[in-house]
Amino acid sequence: MTVKQLIDKVFLTEILKGMALTFKMMLSKPVTIQYPDEKRKIYPGFRGKHAFVRDAKTGRQKCIMCMKCVNICPSQCISLKKGRDENNKPFLERYDIEALRCIYCGYCVEVCPVCALVLTEDFGYCSYTKDAIFFDKDKMLKNWDEFVAKLSGDVYWNKFWRPDGVDIAKMPKSKREQAPVPIRPTAAVPSDTVPEKKPVNPAEKPPEPAAEVEEKPEEKKEVV
Amino acid sequence: MTPRAIAELIQSKFKPEVAEITEFGDQVSVLVNKTRILEIMSFLRNSSELYFDYLTDLCGVDYQGRKNERFEVVYHLRSILHNHCIRIKAAIPEKDCKIDSVVRIWAGANWHERECFDMYGISFTGHPDFRRILMPDDWEGHPLRKDYPLKSDLGEAEWKGFKEVLETVERNKKYEVR
Amino acid sequence: MLKKKELSINMGPQHPATHGVLRLVLELDGETVVKCTPHVGYLHRGTEKLGENRTYPMALPLTDRLDYVSSMSNNIGYCVAVERLLGIEAPARAKYIRTIMAELTRIANHIVWIATHALDIGAMTVFLYSMRDREWILDLYEMVCGARLTVTYPRIGGVRCDIDQEFMDSCYKFIEDFPKRIEEYETLIDQNRIWLQRTVGVGIISAADAINWGLTGPTLRGSGVAYDVRKAAPYDAYDQIDFEVPVGKNCDVYDRYRCRMDEFRQSISIIKQCLDKLPDGLVLASEAPPYDMPIGKPRVMPGHPMGEILPGELVEEKVPFDELYSATEVPKGELGFYFVNDGTARPYRMRIRAPSFVHASVLPKLCEGSLVADVIANIGTIDIVLGECDR
Amino acid sequence: MDISSFYGFLGTDTTDFILRMIIMVAKIAVVIVIALLHVAYSTWFERKIIGHMQIRLGPMRVGYHGLLQPFADFVKLFFKEDIIPSSGDRPVFQLAPMIALFATISSLAVIPFFNDFVIAKNMNVGLLYLFAMSSLSAYGIILAGWSSNSKYAFLGGLRSSAQVISYEIALALSLVGIMVLSGSLNLVEIIEAQQKHWYGMYVVVQFPAYILFLICAFAETNRTPFDLPEAESELVAGYFVEYSGMRFSLFFMAEYIAMIIMSCIAVTCFWGGWTLPPVVMKALPFLAVVPGLVWFLLKVYCHLFLFYWVRATVPRFRYDHLMSLGWKVLIPLALANIVITSIVKFLF
């Protein structure tokens, strides 16, 4: 045993060093965040509460009922029902996400060909009932409104709509051309006055998603 | 030694036991009969040129309807000294669903074999502490078998503790926050 | 005559020091453990069965839930395995990104380990210091993939999205800062005489025994066996990176602690090299399967009248199966995936060789004959997560 | 106790006796209330100190920086359900926390807080009384561990009894040096004896004994690193694992009062109690206007801070190491200290 070791042993050097560290830390700034009062920074692309992108032109969701999200959801928490209106045009009758089953993998956002789905940056949603965390079509749109109300700026872009570093050539056309979505309604039509189930006039509809409505479900059938 | 060479060495040593050698990528598997598995394994463990001192993994596979022998027990062996590995598979028929335990050779096989029994119902003779491991002790059936129902409308018949669980849920309903 | 009877204690499944729902039945003679029987399975979710009924991309998020403190490494292990099975080569950039992520995860995992291990032994402050630093890594995860714990960031054939400059800067800053943080932990415990008394000479397992029991990772390396999958069978960018494998020599809890502390430093060096060398390019291989991978039909023997083999039907001629065992070095040890593939996009058999499962099995060997307090030190030193152990 | 008052009761001077009794009761009430307030705020103080040492904030919600937290805790604990294990020994289970609390709280009787303020004045076996009471509180712990009929609690109780027995000896021995130097067991006289020297504090001449005393005090009060009886990672909570609500808080209070009492003993025996060293008083005579209680409390707070500081820094001992430290290190050192002190005292 060297002299130094002896000194260390008798005078509890290492414990005193530790105590010096804790004392120093006592005077330094704590790292705690007082949560509801201050919030930590959330990075773009955070996978939180589900929402439908409200199309600024039509004021409705952009879903084209291609069933891709339903099919790849690993926890099978999405269900979709396609209805036909009186003109025999398909429309989204039901779209339900059981958020309590969701595992927030974000596959649905990435696979959606028209970027209709988004996992927003809201994470603090909880409730005493399961119904409040069961998102149907209207709630998904409402989630979007709540989310964009907190955003500054005019457009929103989710990084999983077209992930960086992935070959764009392999993405569907609508995805390649997807621009950041405007978050304030651009058309004169206020969103809540648009009837959800109005008879569809093909001329009024945005051409691109309508074109895909016809082909996607067939493609899905092949897959299964 | 390359996996291929190891497989051929095993074949030359235990000619009648080796049923098949398959290769995928750089991995070679040797299908052997289960009767002399302990002998083969001791050879692999103790021979100085092979020296498989390390049992990486032991698991079962259910080939229901696909192969003659329904089950296979798969041993992944590795030699840390020589840095080579091999896969040994022992075919197990459904009727005689047991095989000798290799716990005496690799102590680490203990829990793997218990799990294999738990999931496939393959018995390991000579195992020191043979009982279920992941499933409850009173569980019926072996969940990883291919004929185990994924979803069942049998309700309580699926698991006899199910009824009890339902009763407990009913009893505890009054404590639920509304 | 007085009759002697052991006091049996149920440690767990709800116990602050069993790191989850591990249950140990201890037979005590005074404070000495005579017999220790671990019981696992309280967190069994049937991941292997679930995996057999999902396509390869869909089963990827399941692996997050195995070892939930190092979910990124599990993802990478799974992706590497599936890539080997499907014969896909990830682009170089993706490989480097994965290596960075795997090493960040190693740091994050070891942080949780040192935190809980120290907390079990009573050094509460280390817990909070290290959790502070883990937060940074979780922020890095969130920056790159939007999730903090169950990341699902890698995907088969690469990674989900590229890393950006903000991530690089933050990561550089982290690796610059982190050595100081390690010194803080070490100031509190490394030479502390109480820590030494609690760890040196406790939970000894010799190198031969450790190999025989199938231990891997730092738990094995603490016994002086320099076995590391990153060196033995390199994957991702590990063959282009220069790093050392720290080993212990006394085979006790303290040496395993030292091994992990040294791995912190090695991981920092690996991350630094990867960031420096990071090549340009895409992060997803062009042949990578899409998320909605078509399931396809199982391979059958040629000329079979049914086209497909029905259950229960005996087929004399064998069906070709692809079999692959792929191992990666996750922070806890060797995570192996064994796939049997019948040609569909679903594994016919998915087996997860979880390091925690093997490590938990060695507890009786470590604990028997030692004191109750050593049981706690031993649970800490094997670094188990029950999500992975029970699968 | 002031024995003369009992003579008064038998004699004619009854009013005088009643007056003395009233003063005595008032004194006791004041001391207990202040002690309990100190307990309340020492929990807050501890949580804050340890919080900041662990780069946290500690309680922040109840009142300004959590200042009302102790009361919130009290209200919560008071209204919590009192669970008694059905297979436990019910009367003993209920009695144990009270024994623990009252044994510790009665130690306050002999602590001289300032100039003449001692509840039991002229108690000439003050130190012995303190030792007796602190051992008695171990009964509460042992009984709690036994009566809970839980194995964890039982182990905690066993550990506690062994720990208290072994450290009691070292604790007492570490104070023998003080007794030798002051020639008294009366705490007031010990303080007065310290005033006779220019340094005014025995810590200067008895530093090793002081360190021994501190270590033993940590062990006596079951504080980290000697918190084996309640080691939360091994025995969950040790002897009070089955206790809840108010009974739990009695143990809690007992622990904190014991800590305060240990600090008081350290201050009294080593730091000159309410006095300042004569050399300081001579240099800075204006300090005389500050009441002695302030110095006393300041010294006590410093010791409490030390308790918290150590808790934030060190890991927990293992049982066998604890025992070997007590018997193989502390007791021989304390004995050596006694021998050296006696020789030095004899020679000079």
# chains A, B, ... in the order shown; residues from 1 in each chain; ligands from 1

$ interface_residues --of "chain A" --to "chain B" --cutoff "12 Å" --atoms "only C-alpha atoms" --output "VMD selection string"
chain A and resid 127 to 130

$ interface_residues --of "chain C" --to "chain D" --cutoff "7 Å" --atoms "only C-alpha atoms" --output "number ranges by chain"
C: 9, 15-17, 120-125, 128-129, 188, 194-195, 198, 373, 376

$ write_last_selection --atoms "C-alpha atoms" --output "PDB file, in the first residue's frame"
ATOM      1  CA  ILE C   9     -38.882 -14.984   0.032  1.00  0.00           C
ATOM      2  CA  HIS C  15     -40.151  -5.393  -6.558  1.00  0.00           C
ATOM      3  CA  PRO C  16     -38.188  -2.212  -7.128  1.00  0.00           C
ATOM      4  CA  ALA C  17     -34.941  -3.950  -7.934  1.00  0.00           C
ATOM      5  CA  ASP C 120     -30.158  -0.703  -6.610  1.00  0.00           C
ATOM      6  CA  ILE C 121     -26.885  -0.477  -4.771  1.00  0.00           C
ATOM      7  CA  GLY C 122     -28.084   2.752  -3.210  1.00  0.00           C
ATOM      8  CA  ALA C 123     -26.305   5.473  -5.168  1.00  0.00           C
ATOM      9  CA  MET C 124     -29.392   7.397  -6.051  1.00  0.00           C
ATOM     10  CA  THR C 125     -27.687  10.428  -7.493  1.00  0.00           C
ATOM     11  CA  LEU C 128     -30.561  11.125 -12.005  1.00  0.00           C
ATOM     12  CA  TYR C 129     -27.308  12.306 -13.530  1.00  0.00           C
ATOM     13  CA  LEU C 188     -19.498   9.151  -7.519  1.00  0.00           C
ATOM     14  CA  ILE C 194     -18.798   1.197  -0.481  1.00  0.00           C
ATOM     15  CA  TRP C 195     -19.293   0.607  -4.202  1.00  0.00           C
ATOM     16  CA  ARG C 198     -20.555  -4.145  -2.980  1.00  0.00           C
ATOM     17  CA  ALA C 373     -27.871  -7.631  -1.132  1.00  0.00           C
ATOM     18  CA  ILE C 376     -29.642  -7.127  -6.189  1.00  0.00           C
TER      19      ILE C 376
END

$ closest_atom_pairs --of "chain A" --to "chain C" --cutoff "6 Å" --atoms "only C-alpha atoms" --output "tab-separated table"
residue	atom	partner	partner_atom	distance
A:Glu14	CA	C:Asn192	CA	5.6
A:Gly18	CA	C:Leu188	CA	4.8
A:Tyr43	CA	C:Met143	CA	5.4
A:Gly45	CA	C:Gly146	CA	4.8
A:Phe46	CA	C:Gly146	CA	3.7
A:Arg47	CA	C:Gly146	CA	5.4
A:Ile72	CA	C:Asp292	CA	5.7
A:Pro74	CA	C:Met58	CA	5.1
A:Pro163	CA	C:Cys161	CA	4.8
A:Asp164	CA	C:Cys161	CA	5.0
A:Gly165	CA	C:Leu282	CA	4.6
A:Val166	CA	C:Leu284	CA	5.5
A:Val223	CA	C:Pro294	CA	5.5

$ closest_residue --among "D:Cys216, D:Val289, D:Val329, D:Ala258" --to "chain A" --atoms "only C-alpha atoms"
D:Val329

$ closest_atom_pairs --of "chain B" --to "chain C" --cutoff "7 Å" --atoms "only C-alpha atoms" --output "Markdown table"
| residue | atom | partner | partner_atom | distance |
| --- | --- | --- | --- | --- |
| B:Phe24 | CA | C:Asp322 | CA | 6.4 |
| B:Asp53 | CA | C:Asn212 | CA | 6.5 |
| B:Tyr54 | CA | C:Ile211 | CA | 5.7 |
| B:Leu55 | CA | C:Gly214 | CA | 6.1 |
| B:Thr56 | CA | C:Gly214 | CA | 6.4 |
| B:Asp57 | CA | C:Arg353 | CA | 6.3 |
| B:Val61 | CA | C:Arg349 | CA | 6.7 |
| B:Gln64 | CA | C:Gly312 | CA | 6.5 |
| B:Gly65 | CA | C:Gly312 | CA | 4.5 |
| B:Arg66 | CA | C:Val315 | CA | 6.0 |
| B:Lys67 | CA | C:Val315 | CA | 6.2 |
| B:Asn68 | CA | C:Leu314 | CA | 6.6 |
| B:Ile80 | CA | C:Tyr227 | CA | 6.8 |
| B:Asn83 | CA | C:Ala232 | CA | 6.7 |
| B:Trp106 | CA | C:Asn212 | CA | 5.2 |
| B:Ala107 | CA | C:Trp213 | CA | 5.0 |
| B:Gly108 | CA | C:Trp213 | CA | 3.8 |
| B:Trp111 | CA | C:Ser361 | CA | 6.4 |
| B:Ile133 | CA | C:Gly41 | CA | 6.5 |
| B:Leu134 | CA | C:Gly41 | CA | 3.9 |
| B:Met135 | CA | C:Gly41 | CA | 6.1 |
| B:Leu144 | CA | C:Lys49 | CA | 6.1 |

$ select_by_dssp --residues "segment 188-238 of chain D" --states "helix (DSSP H, G or I)" --output "PyMOL selection string"
chain D and resi 188-195+207-220+228-230+238
